[in-house]
Amino acid sequence: MNYKKYKKYPKVNIKNREWPDKEIEKAPIWCSVDLRDGNQSLPVPMNVDEKIKMFNLLVDLGFKEIEVGFPSASNTEYNFLRTLIEENMIPDDVTIQVLTQARENLIEKTFEALRGVKNAIVHLYNSTSVLQRKVVFNKGKKEIIDIAVYGAELLNKYKDKYPETKFTFEYSPESFTGTELEYALEICEAVLEVWKPTTANKSIINLPATVEMATPNVYADQIEWFCKNLKSRESVIVSLHTHNDRGTCTAASELGILAGADRIEGTLFGNGERTGNLDIMTMALNMYSEGINPELDFSDLNNVVEVYEECTKMNVHERHPYAGKLVFTAFSGSHQDAIRKGLHVIKEENNPYWEVPYIPVDPHDLGREYEEIIRINSQSGKGGTAYIMESDFGFILPKAMHPEFGKVIKAKSDELGIELTPKQIFEFFKSEYLDRKEPYCLKNYKLHSVQNVENDENSVDIEALISINDVNKKIEGIGNGPVDAFFNALHSNNINCCKFISYDEHALNVGSHSKAVAYIQIEAKGKRYYGVGISDNIDTASLNALISALNRCI
Ligand code: KIV
Ligand code: ZN
């Protein structure tokens, strides 16, 4: 690979940079460009119905500024804009934004497309980079400034024809990251000189990383330098518009905010030219996960993904931050165990802060489900399996049972070569423990309580009908409780001589009523086996647990 073909990106000459010591304190002004930059980059652009659906979604999410297209460039964009205006679909507190180049016929048509709207941002751009000046326009610096100033003057001219609308103007030195900083400032100042913004009527200067060319700190340096050197800074909203060519546009936008910017343009899930624009959802939820109100509502993220995929025909990647199908799924056993403990402690301690290892935000906050957190594959540990049994089905397996059941599930996952869902895990639990009715099966039983008055001791007498390989047999025994009595009855009939090790039980909430579940561990031929029984009656649950253990050790 011939890396010598590429030049180093120049550093910014900035003294005493301040952005590294700053913190993000509040949400910036968000502007969605899903319907423009996002839409223009789709293999199949959205039709009017899809655009309306997307527009409504953006409004519901809380966007107050939405770039709706390039109305002078295509009939679909023009008609879409007219539909929004004529059908009164733009809420009073939402400002729509339209893009135009600095050509009179385009600007005239742009204003005409906006007639009747209450608020609008008209976004003017021309490319200013060294490379584009040389290879695309073959023009010098002065001529490029003249294009921008000409466009700025036309915006002033056409604005006066539509007094019913409150216009805000935006200028982008397109390909800003490929433009000399001093020159980018000069061209923006020239445009502002025409618009004469005030603190009450600000203009927007948008500094696009049209192509992401350097590490995010360099972009932050550029933004800080620009903000500090801009003459009328207090009358200008400094806006960022990043693309993701190097995969670091979220970081660039975040650092750009530290460096002084006020506004962010981006799209949902980072749709946009080439590697895409900034993903506003990610940046907003990054703020959210640090306790900052993002001023956008992503509490039903699955619905956002659904509408986005339907309208754009693009897919949200499984590992996409916050929204991907797998981002709240832990595959590793140690991760599962840590998450389980974190969730438990949060509940026990009534902790108002979210502190769960490996999961930076509560999936419930985004309308996502805890049941998606853990799925089991052959690499998963015993803790994950036990967690599923408890969280999804209410079975609190005794600690000593975790490795045994974990091994059963690992073997099944290996055998099938798939990752198991909670439902499959429960089915395997049922067939391994609850449905073990052969060769031994308990048909019925009677218990008598015997009170020995002389020594004030209580014992239990059992008469049980069991079947062994479908042949019925009556057995009888006595013990200090039903399980002990049944155990002794089996023993005295020479049925599977094993050692009793442990007993656990708890109530199992099934629907509106409670069942009992019992776990019995026995030892036979030097090995230990669990059995599990459930019933409305705790004695039946316990006797079935013993039968289940006996059947498992055969
Ligand atoms: O990426 C870009 O430079 C743009 C401009 C039109 C703002 O999309
Ligand atoms: Zn762009």
# chains A, B, ... in the order shown; residues from 1 in each chain; ligands from 1
>>> residues_near_ligand(ligand="ligand 1", cutoff="8 Å", atoms="only C-alpha atoms and all ligand atoms", output="list in words")
Asp37, Leu99, Leu124, Tyr125, Asn126, Ser127, Ser172, Pro173, Glu174, Ser175, Phe176, Asn206, Leu207, Pro208, Ala209, Thr210, Val211, His241, Thr242, His243, Glu273 and Asn277 of chain A
>>> residues_around(residues="A:Leu442", least_positions_apart="4", cutoff="12 Å", atoms="only C-alpha atoms", output="PyMOL selection string")
chain A and resi 436-438+446+463-475+486+490+533+540-548+550-551
>>> atom_distance(atom1="atom CA of A:Ala518", atom2="atom CA of A:Lys423")
21.0 Å
>>> residues_around(residues="A:Glu355", least_positions_apart="4", cutoff="8 Å", atoms="only C-alpha atoms", output="tab-separated table (two decimals) with all heavy atoms, in the first residue's frame")
chain	number	residue	atom	x	y	z
A	342	GLY	N	-25.20	-6.08	38.54
A	342	GLY	CA	-25.47	-4.64	38.49
A	342	GLY	C	-26.97	-4.37	38.59
A	342	GLY	O	-27.40	-3.50	39.35
A	346	ILE	N	-28.78	-2.37	41.75
A	346	ILE	CA	-29.55	-1.14	41.50
A	346	ILE	C	-30.94	-1.25	42.14
A	346	ILE	O	-31.45	-0.31	42.74
A	346	ILE	CB	-29.65	-0.90	39.97
A	346	ILE	CG1	-28.78	0.28	39.59
A	346	ILE	CG2	-31.06	-0.66	39.50
A	346	ILE	CD1	-28.90	0.70	38.17
A	360	PRO	N	-24.26	1.23	29.12
A	360	PRO	CA	-24.18	2.64	29.54
A	360	PRO	C	-25.52	3.32	29.75
A	360	PRO	O	-25.59	4.30	30.48
A	360	PRO	CB	-23.40	3.31	28.41
A	360	PRO	CG	-23.50	2.39	27.24
A	360	PRO	CD	-23.70	1.01	27.78
>>> closest_residue(among="A:Arg319, A:Lys118, A:Arg36, A:Lys134", to="ligand 2", atoms="only C-alpha atoms and all ligand atoms")
A:Arg36
>>> closest_residue(among="A:Leu42, A:Val33, A:Ile264, A:Leu343", to="ligand 2", atoms="only C-alpha atoms and all ligand atoms")
A:Val33
>>> atom_distance(atom1="atom CA of A:Gln336", atom2="atom CA of A:Gly417")
20.1 Å
>>> atom_distance(atom1="atom CA of A:Lys499", atom2="atom CA of A:Ala524")
6.4 Å
>>> residues_around(residues="A:Lys64", least_positions_apart="4", cutoff="8 Å", atoms="only C-alpha atoms", output="MDAnalysis selection string")
chainID A and resid 30:31 59 93:95
>>> select_by_dssp(residues="stretch 6-104 of chain A", states="helix (DSSP H, G or I)", output="PyMOL selection string")
chain A and resi 19-21+34-40+48-61+75-86+104
>>> residues_around(residues="stretch 233-239 of chain A", least_positions_apart="6", cutoff="6 Å", atoms="only C-alpha atoms", output="list of chain:residue names")
A:Pro197, A:Thr198, A:Thr199, A:Lys202, A:Ser203, A:Ile204, A:Ile205, A:Asn206, A:Ala261, A:Asp262, A:Arg263, A:Ile264
>>> write_last_selection(atoms="N, CA, C and O atoms", output="PDB file, in the first residue's frame")
ATOM      1  N   PRO A 197     -26.209  40.664  10.206  1.00  0.00           N
ATOM      2  CA  PRO A 197     -27.002  40.082  11.299  1.00  0.00           C
ATOM      3  C   PRO A 197     -26.845  40.904  12.580  1.00  0.00           C
ATOM      4  O   PRO A 197     -25.863  41.625  12.741  1.00  0.00           O
ATOM      5  N   THR A 198     -27.805  40.758  13.464  1.00  0.00           N
ATOM      6  CA  THR A 198     -27.734  41.418  14.771  1.00  0.00           C
ATOM      7  C   THR A 198     -27.951  40.345  15.840  1.00  0.00           C
ATOM      8  O   THR A 198     -28.317  39.203  15.510  1.00  0.00           O
ATOM      9  N   THR A 199     -27.806  40.717  17.081  1.00  0.00           N
ATOM     10  CA  THR A 199     -28.028  39.718  18.133  1.00  0.00           C
ATOM     11  C   THR A 199     -29.502  39.301  18.158  1.00  0.00           C
ATOM     12  O   THR A 199     -29.843  38.194  18.561  1.00  0.00           O
ATOM     13  N   LYS A 202     -30.092  36.825  14.115  1.00  0.00           N
ATOM     14  CA  LYS A 202     -28.781  36.229  13.827  1.00  0.00           C
ATOM     15  C   LYS A 202     -28.765  35.515  12.471  1.00  0.00           C
ATOM     16  O   LYS A 202     -29.801  35.064  11.990  1.00  0.00           O
ATOM     17  N   SER A 203     -27.579  35.397  11.905  1.00  0.00           N
ATOM     18  CA  SER A 203     -27.397  34.530  10.733  1.00  0.00           C
ATOM     19  C   SER A 203     -26.654  33.284  11.185  1.00  0.00           C
ATOM     20  O   SER A 203     -26.024  33.274  12.252  1.00  0.00           O
ATOM     21  N   ILE A 204     -26.742  32.248  10.352  1.00  0.00           N
ATOM     22  CA  ILE A 204     -26.067  30.990  10.687  1.00  0.00           C
ATOM     23  C   ILE A 204     -24.864  30.824   9.767  1.00  0.00           C
ATOM     24  O   ILE A 204     -24.988  30.962   8.545  1.00  0.00           O
ATOM     25  N   ILE A 205     -23.724  30.553  10.371  1.00  0.00           N
ATOM     26  CA  ILE A 205     -22.549  30.170   9.577  1.00  0.00           C
ATOM     27  C   ILE A 205     -22.289  28.701   9.879  1.00  0.00           C
ATOM     28  O   ILE A 205     -22.055  28.317  11.026  1.00  0.00           O
ATOM     29  N   ASN A 206     -22.377  27.899   8.823  1.00  0.00           N
ATOM     30  CA  ASN A 206     -22.267  26.446   8.964  1.00  0.00           C
ATOM     31  C   ASN A 206     -20.907  26.020   8.420  1.00  0.00           C
ATOM     32  O   ASN A 206     -20.551  26.401   7.300  1.00  0.00           O
ATOM     33  N   ALA A 261     -19.142  25.890  19.061  1.00  0.00           N
ATOM     34  CA  ALA A 261     -20.281  25.896  18.131  1.00  0.00           C
ATOM     35  C   ALA A 261     -21.603  25.826  18.888  1.00  0.00           C
ATOM     36  O   ALA A 261     -21.666  25.341  20.023  1.00  0.00           O
ATOM     37  N   ASP A 262     -22.671  26.316  18.221  1.00  0.00           N
ATOM     38  CA  ASP A 262     -23.979  26.390  18.868  1.00  0.00           C
ATOM     39  C   ASP A 262     -24.985  25.415  18.276  1.00  0.00           C
ATOM     40  O   ASP A 262     -26.047  25.180  18.854  1.00  0.00           O
ATOM     41  N   ARG A 263     -24.690  24.907  17.107  1.00  0.00           N
ATOM     42  CA  ARG A 263     -25.731  24.219  16.349  1.00  0.00           C
ATOM     43  C   ARG A 263     -25.117  23.026  15.621  1.00  0.00           C
ATOM     44  O   ARG A 263     -23.935  23.059  15.263  1.00  0.00           O
ATOM     45  N   ILE A 264     -25.948  22.002  15.436  1.00  0.00           N
ATOM     46  CA  ILE A 264     -25.466  20.772  14.806  1.00  0.00           C
ATOM     47  C   ILE A 264     -26.426  20.355  13.702  1.00  0.00           C
ATOM     48  O   ILE A 264     -27.638  20.267  13.929  1.00  0.00           O
TER      49      ILE A 264
END
